[in-house]
Amino acid sequence: QVQLVESGGGSVRAGGSLRPSCTASGYASEIYCMGWFRQAPGKEREGVAGISSSGKRTDYSDSSKGRFTISRDNGKNTVYLQMNSLKPEDTAMYYCAARRCTVVAGAGALDAWAYNYWGQGTQVTVSS
């Protein structure tokens, strides 16, 4: 059973940075793609970034592109989301998710329905 545990959220001022991480257990990192999603109160869950099993392919939403960077360390079974230039609209609960990678690279990388396993979330709050 795959288990995901996020940490590293917090509260920052606009323009600041945070680097939440997600540690996984119970899976073979070489066949699982990972993603970060977020959900603000009253809004749907939104895909933020995805990464292939090797880390060579990354996908970003329009809102995160250029500001966020997803990476992974398979030796530590950990995925990171470096978030820079944070804005108040980035405030949300951030979730880590895992899925078996698809044959078509990047397919479903930012789609919540494509992921089978989810962490409990870590809160990110950005004040103006």
# chains A, B, ... in the order shown; residues from 1 in each chain; ligands from 1

$ closest_atom_pairs --of "stretch 4-42 of chain A" --to "stretch 106-117 of chain A" --cutoff "12 Å" --atoms "only C-alpha atoms" --output "Markdown table"
| residue | atom | partner | partner_atom | distance |
| --- | --- | --- | --- | --- |
| A:Leu4 | CA | A:Tyr117 | CA | 7.5 |
| A:Val5 | CA | A:Tyr117 | CA | 10.8 |
| A:Ala24 | CA | A:Tyr117 | CA | 10.1 |
| A:Ser25 | CA | A:Tyr117 | CA | 11.1 |
| A:Gly26 | CA | A:Tyr117 | CA | 11.0 |
| A:Tyr27 | CA | A:Tyr117 | CA | 10.6 |
| A:Tyr32 | CA | A:Tyr115 | CA | 10.0 |
| A:Cys33 | CA | A:Ala109 | CA | 8.0 |
| A:Met34 | CA | A:Ala109 | CA | 8.0 |
| A:Gly35 | CA | A:Ala109 | CA | 6.8 |
| A:Trp36 | CA | A:Leu110 | CA | 8.1 |
| A:Phe37 | CA | A:Ala112 | CA | 7.7 |
| A:Arg38 | CA | A:Ala112 | CA | 10.1 |
| A:Gln39 | CA | A:Ala112 | CA | 11.1 |

$ select_by_dssp --residues "stretch 18-114 of chain A" --states "helix (DSSP H, G or I)" --output "ChimeraX atom specification"
/A:29-31,88-90,112-114

$ select_by_dssp --residues "stretch 7-97 of chain A" --states "strand (DSSP E or B)" --output "PyMOL selection string"
chain A and resi 7+10-13+18+21-25+32-39+46-51+58-60+68-73+78-83+92-97

$ atom_distance --atom1 "atom CA of A:Val79" --atom2 "atom CA of A:Cys96"
8.3 Å

$ atom_distance --atom1 "atom CA of A:Gln3" --atom2 "atom CA of A:Glu89"
28.6 Å

$ residues_around --residues "A:Thr122" --least-positions-apart "4" --cutoff "10 Å" --atoms "only C-alpha atoms" --output "JSON, numbers by chain"
{"A": [5, 6, 7, 8, 9, 10, 20, 21, 22, 38, 92, 93, 94, 95, 96]}

$ closest_residue --among "A:Ser128, A:Ser63, A:Ser71, A:Thr23" --to "A:Ile51" --atoms "only C-alpha atoms"
A:Ser71
